[in-house]
Amino acid sequence: MYKKIILLDAVRVPPNKLYGDAKAAVREELKNKLEGRIEGDIGLIMAITDVIEIDEGHIVFGDGGVYFNAKFGVLAYEPILQEIVEGEVIDVVKFGVFVSIGPLDGLVHISQISDGYISYDEKNSRLVGKETGKSLVIGDKIRARIVAVSLNEFDLRDTKIGLTMRQPYLGKLEWIEEELEKNESV
């Protein structure tokens, strides 16, 4: 889920950036410090949207920088358990598909794609249902539910999001449309 949050933080502005607008310098330092980081209950901080206010600044003995207490807005993304997300298949591997769900990627394990048997077609880089013949390839748009979240604050690459498509009206968007049409005709 995307969210806008107002945060408070102390920011050190180095002496070579103290010329001109202090708010602009604080914003630049906040961007360098926070954008792209995962913070506990906030999620992935994607952007510093604005600096609402800063104090007059404090100088620490022996340090040439100025420390500002800042109130600022951020745009963050936090994957929530049981949330329904849409994304694009970015990689197909033997054990499932990786899906881009905004700024992060999730994995739909092969056992979570459908109820039937799924096989990996290495030559065409796709997963194919044995009984249905339905396939998943890179570029397919899917809808899935988040079933596992492990955010690693220290290493973004070690963040893991598990997805499932084994529920009604989840899966490749074309499959969902076919299912809706079939249900309408009944």
# chains A, B, ... in the order shown; residues from 1 in each chain; ligands from 1
$ select_by_dssp --residues "chain A" --states "strand (DSSP E)" --output "MDAnalysis selection string"
chainID A and resid 2:13 38:39 43:54 58:59 66:77 84:93 96:101 104:109 118:121 126:129 135:136 141:150 160:164 171:172
$ residues_around --residues "region 73-81 of chain A" --least-positions-apart "6" --cutoff "6 Å" --atoms "only C-alpha atoms" --output "list in words"
Met1, Tyr2, Lys3, Lys4, Ile5, Ile6, Gly43, Leu44, Ile45, Met46, Ala47, Ile48, Thr49, Asp50, Ile146 and Val147 of chain A
$ closest_residue --among "A:Ile38, A:Val85, A:Ile90, A:Leu173" --to "Thr159 (chain A)" --atoms "only C-alpha atoms"
A:Ile38
$ residues_around --residues "region 166-171 of chain A" --least-positions-apart "5" --cutoff "8 Å" --atoms "only C-alpha atoms" --output "compact mmCIF listing (two decimals) with C-alpha atoms, in the first residue's frame"
# COMPACT_ATOMS: atom_id res chain seq x y z
CA GLN A 112 0.73 -20.96 -5.65
CA ILE A 113 -0.13 -20.39 -9.33
CA SER A 114 -3.08 -22.76 -9.75
CA ASP A 115 -4.58 -25.99 -8.45
CA ILE A 142 -1.33 -10.65 -12.97
CA ARG A 143 -3.42 -10.09 -9.84
CA ALA A 144 -2.25 -11.77 -6.63
CA ARG A 145 -2.61 -11.69 -2.86
CA ILE A 176 -9.82 -13.61 -14.66
CA GLU A 179 -13.68 -16.72 -15.62
$ residues_around --residues "Ala24 (chain A)" --least-positions-apart "4" --cutoff "12 Å" --atoms "only C-alpha atoms" --output "list in words"
Val13, Lys17, Leu18, Tyr19, Gly20, Glu28, Glu29, Leu30, Lys31, Ile48, Asp50, Val51, Ile52, Glu53, Ile54, Ala70 and Phe72 of chain A
$ residues_around --residues "Lys130 (chain A)" --least-positions-apart "3" --cutoff "12 Å" --atoms "only C-alpha atoms" --output "list of chain:residue names"
A:Ser114, A:Asp115, A:Gly116, A:Tyr117, A:Ile118, A:Ser119, A:Tyr120, A:Asp121, A:Leu127, A:Gly133, A:Lys134, A:Ser135
$ write_last_selection --atoms "N, CA and C atoms" --output "mmCIF file, in the first residue's frame"
data_model
loop_
_atom_site.group_PDB
_atom_site.id
_atom_site.type_symbol
_atom_site.label_atom_id
_atom_site.label_comp_id
_atom_site.auth_asym_id
_atom_site.auth_seq_id
_atom_site.Cartn_x
_atom_site.Cartn_y
_atom_site.Cartn_z
ATOM 1 N N SER A 114 -1.748 -22.206 -9.518
ATOM 2 C CA SER A 114 -3.083 -22.763 -9.746
ATOM 3 C C SER A 114 -3.172 -24.115 -9.063
ATOM 4 N N ASP A 115 -4.375 -24.694 -9.103
ATOM 5 C CA ASP A 115 -4.585 -25.992 -8.452
ATOM 6 C C ASP A 115 -3.988 -27.147 -9.250
ATOM 7 N N GLY A 116 -3.914 -27.007 -10.556
ATOM 8 C CA GLY A 116 -3.412 -28.089 -11.412
ATOM 9 C C GLY A 116 -1.890 -28.154 -11.432
ATOM 10 N N TYR A 117 -1.394 -29.169 -12.146
ATOM 11 C CA TYR A 117 0.047 -29.370 -12.293
ATOM 12 C C TYR A 117 0.600 -28.320 -13.260
ATOM 13 N N ILE A 118 1.717 -27.706 -12.880
ATOM 14 C CA ILE A 118 2.375 -26.679 -13.699
ATOM 15 C C ILE A 118 3.772 -27.177 -14.034
ATOM 16 N N SER A 119 4.158 -27.042 -15.290
ATOM 17 C CA SER A 119 5.516 -27.444 -15.681
ATOM 18 C C SER A 119 6.263 -26.232 -16.243
ATOM 19 N N TYR A 120 7.585 -26.319 -16.165
ATOM 20 C CA TYR A 120 8.448 -25.244 -16.639
ATOM 21 C C TYR A 120 8.934 -25.573 -18.041
ATOM 22 N N ASP A 121 8.675 -24.683 -18.979
ATOM 23 C CA ASP A 121 9.142 -24.827 -20.359
ATOM 24 C C ASP A 121 10.377 -23.931 -20.503
ATOM 25 N N LEU A 127 5.825 -20.919 -17.790
ATOM 26 C CA LEU A 127 5.207 -21.959 -16.989
ATOM 27 C C LEU A 127 3.878 -22.301 -17.637
ATOM 28 N N GLY A 133 -3.462 -25.801 -20.145
ATOM 29 C CA GLY A 133 -2.684 -25.225 -21.236
ATOM 30 C C GLY A 133 -2.403 -23.738 -21.043
ATOM 31 N N LYS A 134 -2.874 -23.166 -19.945
ATOM 32 C CA LYS A 134 -2.631 -21.747 -19.661
ATOM 33 C C LYS A 134 -1.163 -21.552 -19.316
ATOM 34 N N SER A 135 -0.602 -20.423 -19.776
ATOM 35 C CA SER A 135 0.823 -20.202 -19.544
ATOM 36 C C SER A 135 1.087 -18.812 -18.980
#
$ atom_distance --atom1 "CA of Ile138 (chain A)" --atom2 "CA of Leu107 (chain A)"
13.2 Å
$ closest_residue --among "A:Phe68, A:Phe98, A:Phe154, A:Trp175" --to "Asp9 (chain A)" --atoms "only C-alpha atoms"
A:Phe68
$ select_by_dssp --residues "region 16-170 of chain A" --states "helix (DSSP H, G or I)" --output "list in words"
Asn16, Lys17, Ala22, Lys23, Ala24, Ala25, Val26, Arg27, Glu28, Glu29, Leu30, Lys31, Asn32, Lys33, Leu34, Ile110, Ser111, Gln112, Leu156, Arg157 and Asp158 of chain A
$ write_last_selection --atoms "N, CA and C atoms" --output "PDB file, in the first residue's frame"
ATOM      1  N   ASN A  16      29.716  22.922   3.378  1.00  0.00           N
ATOM      2  CA  ASN A  16      29.777  23.355   1.980  1.00  0.00           C
ATOM      3  C   ASN A  16      28.392  23.481   1.340  1.00  0.00           C
ATOM      4  N   LYS A  17      27.325  23.077   2.053  1.00  0.00           N
ATOM      5  CA  LYS A  17      25.967  23.187   1.514  1.00  0.00           C
ATOM      6  C   LYS A  17      25.124  24.195   2.291  1.00  0.00           C
ATOM      7  N   ALA A  22      18.257  27.142   3.242  1.00  0.00           N
ATOM      8  CA  ALA A  22      18.488  26.062   4.205  1.00  0.00           C
ATOM      9  C   ALA A  22      17.491  24.912   3.990  1.00  0.00           C
ATOM     10  N   LYS A  23      16.241  25.237   3.643  1.00  0.00           N
ATOM     11  CA  LYS A  23      15.221  24.199   3.414  1.00  0.00           C
ATOM     12  C   LYS A  23      15.614  23.284   2.251  1.00  0.00           C
ATOM     13  N   ALA A  24      16.155  23.887   1.192  1.00  0.00           N
ATOM     14  CA  ALA A  24      16.584  23.098   0.031  1.00  0.00           C
ATOM     15  C   ALA A  24      17.749  22.187   0.412  1.00  0.00           C
ATOM     16  N   ALA A  25      18.664  22.693   1.224  1.00  0.00           N
ATOM     17  CA  ALA A  25      19.805  21.888   1.663  1.00  0.00           C
ATOM     18  C   ALA A  25      19.337  20.736   2.555  1.00  0.00           C
ATOM     19  N   VAL A  26      18.372  21.004   3.439  1.00  0.00           N
ATOM     20  CA  VAL A  26      17.824  19.957   4.302  1.00  0.00           C
ATOM     21  C   VAL A  26      17.129  18.897   3.458  1.00  0.00           C
ATOM     22  N   ARG A  27      16.357  19.344   2.458  1.00  0.00           N
ATOM     23  CA  ARG A  27      15.656  18.390   1.582  1.00  0.00           C
ATOM     24  C   ARG A  27      16.653  17.486   0.861  1.00  0.00           C
ATOM     25  N   GLU A  28      17.728  18.067   0.346  1.00  0.00           N
ATOM     26  CA  GLU A  28      18.738  17.276  -0.367  1.00  0.00           C
ATOM     27  C   GLU A  28      19.375  16.240   0.566  1.00  0.00           C
ATOM     28  N   GLU A  29      19.679  16.643   1.791  1.00  0.00           N
ATOM     29  CA  GLU A  29      20.283  15.711   2.748  1.00  0.00           C
ATOM     30  C   GLU A  29      19.299  14.612   3.156  1.00  0.00           C
ATOM     31  N   LEU A  30      18.014  14.969   3.301  1.00  0.00           N
ATOM     32  CA  LEU A  30      16.996  13.960   3.612  1.00  0.00           C
ATOM     33  C   LEU A  30      16.876  12.951   2.482  1.00  0.00           C
ATOM     34  N   LYS A  31      16.908  13.432   1.233  1.00  0.00           N
ATOM     35  CA  LYS A  31      16.837  12.535   0.082  1.00  0.00           C
ATOM     36  C   LYS A  31      18.015  11.557   0.106  1.00  0.00           C
ATOM     37  N   ASN A  32      19.214  12.081   0.345  1.00  0.00           N
ATOM     38  CA  ASN A  32      20.405  11.220   0.382  1.00  0.00           C
ATOM     39  C   ASN A  32      20.339  10.206   1.522  1.00  0.00           C
ATOM     40  N   LYS A  33      19.775  10.635   2.641  1.00  0.00           N
ATOM     41  CA  LYS A  33      19.744   9.802   3.840  1.00  0.00           C
ATOM     42  C   LYS A  33      18.647   8.736   3.803  1.00  0.00           C
ATOM     43  N   LEU A  34      17.461   9.080   3.271  1.00  0.00           N
ATOM     44  CA  LEU A  34      16.304   8.211   3.450  1.00  0.00           C
ATOM     45  C   LEU A  34      15.751   7.540   2.194  1.00  0.00           C
ATOM     46  N   ILE A 110       5.605 -21.782  -7.718  1.00  0.00           N
ATOM     47  CA  ILE A 110       4.889 -22.623  -8.678  1.00  0.00           C
ATOM     48  C   ILE A 110       3.674 -23.301  -8.033  1.00  0.00           C
ATOM     49  N   SER A 111       3.765 -23.608  -6.741  1.00  0.00           N
ATOM     50  CA  SER A 111       2.646 -24.256  -6.042  1.00  0.00           C
ATOM     51  C   SER A 111       1.505 -23.283  -5.764  1.00  0.00           C
ATOM     52  N   GLN A 112       1.741 -21.978  -5.935  1.00  0.00           N
ATOM     53  CA  GLN A 112       0.731 -20.962  -5.647  1.00  0.00           C
ATOM     54  C   GLN A 112       0.127 -20.349  -6.910  1.00  0.00           C
ATOM     55  N   LEU A 156      18.077  -4.197   0.992  1.00  0.00           N
ATOM     56  CA  LEU A 156      16.852  -4.185   0.203  1.00  0.00           C
ATOM     57  C   LEU A 156      16.739  -5.431  -0.671  1.00  0.00           C
ATOM     58  N   ARG A 157      17.873  -5.955  -1.155  1.00  0.00           N
ATOM     59  CA  ARG A 157      17.854  -7.137  -2.017  1.00  0.00           C
ATOM     60  C   ARG A 157      17.432  -8.395  -1.266  1.00  0.00           C
ATOM     61  N   ASP A 158      17.506  -8.353   0.064  1.00  0.00           N
ATOM     62  CA  ASP A 158      17.135  -9.517   0.872  1.00  0.00           C
ATOM     63  C   ASP A 158      15.672  -9.454   1.326  1.00  0.00           C
TER      64      ASP A 158
END
$ residues_around --residues "Asp63 (chain A)" --least-positions-apart "5" --cutoff "12 Å" --atoms "only C-alpha atoms" --output "list in words"
Arg12, Val13, Pro14, Pro15 and His58 of chain A
$ atom_distance --atom1 "CA of Thr132 (chain A)" --atom2 "CA of Gly162 (chain A)"
24.0 Å
$ atom_distance --atom1 "CA of Glu181 (chain A)" --atom2 "CA of Met165 (chain A)"
18.7 Å
$ closest_residue --among "A:Leu151, A:Val92, A:Val108, A:Ile101" --to "Val128 (chain A)" --atoms "only C-alpha atoms"
A:Val92
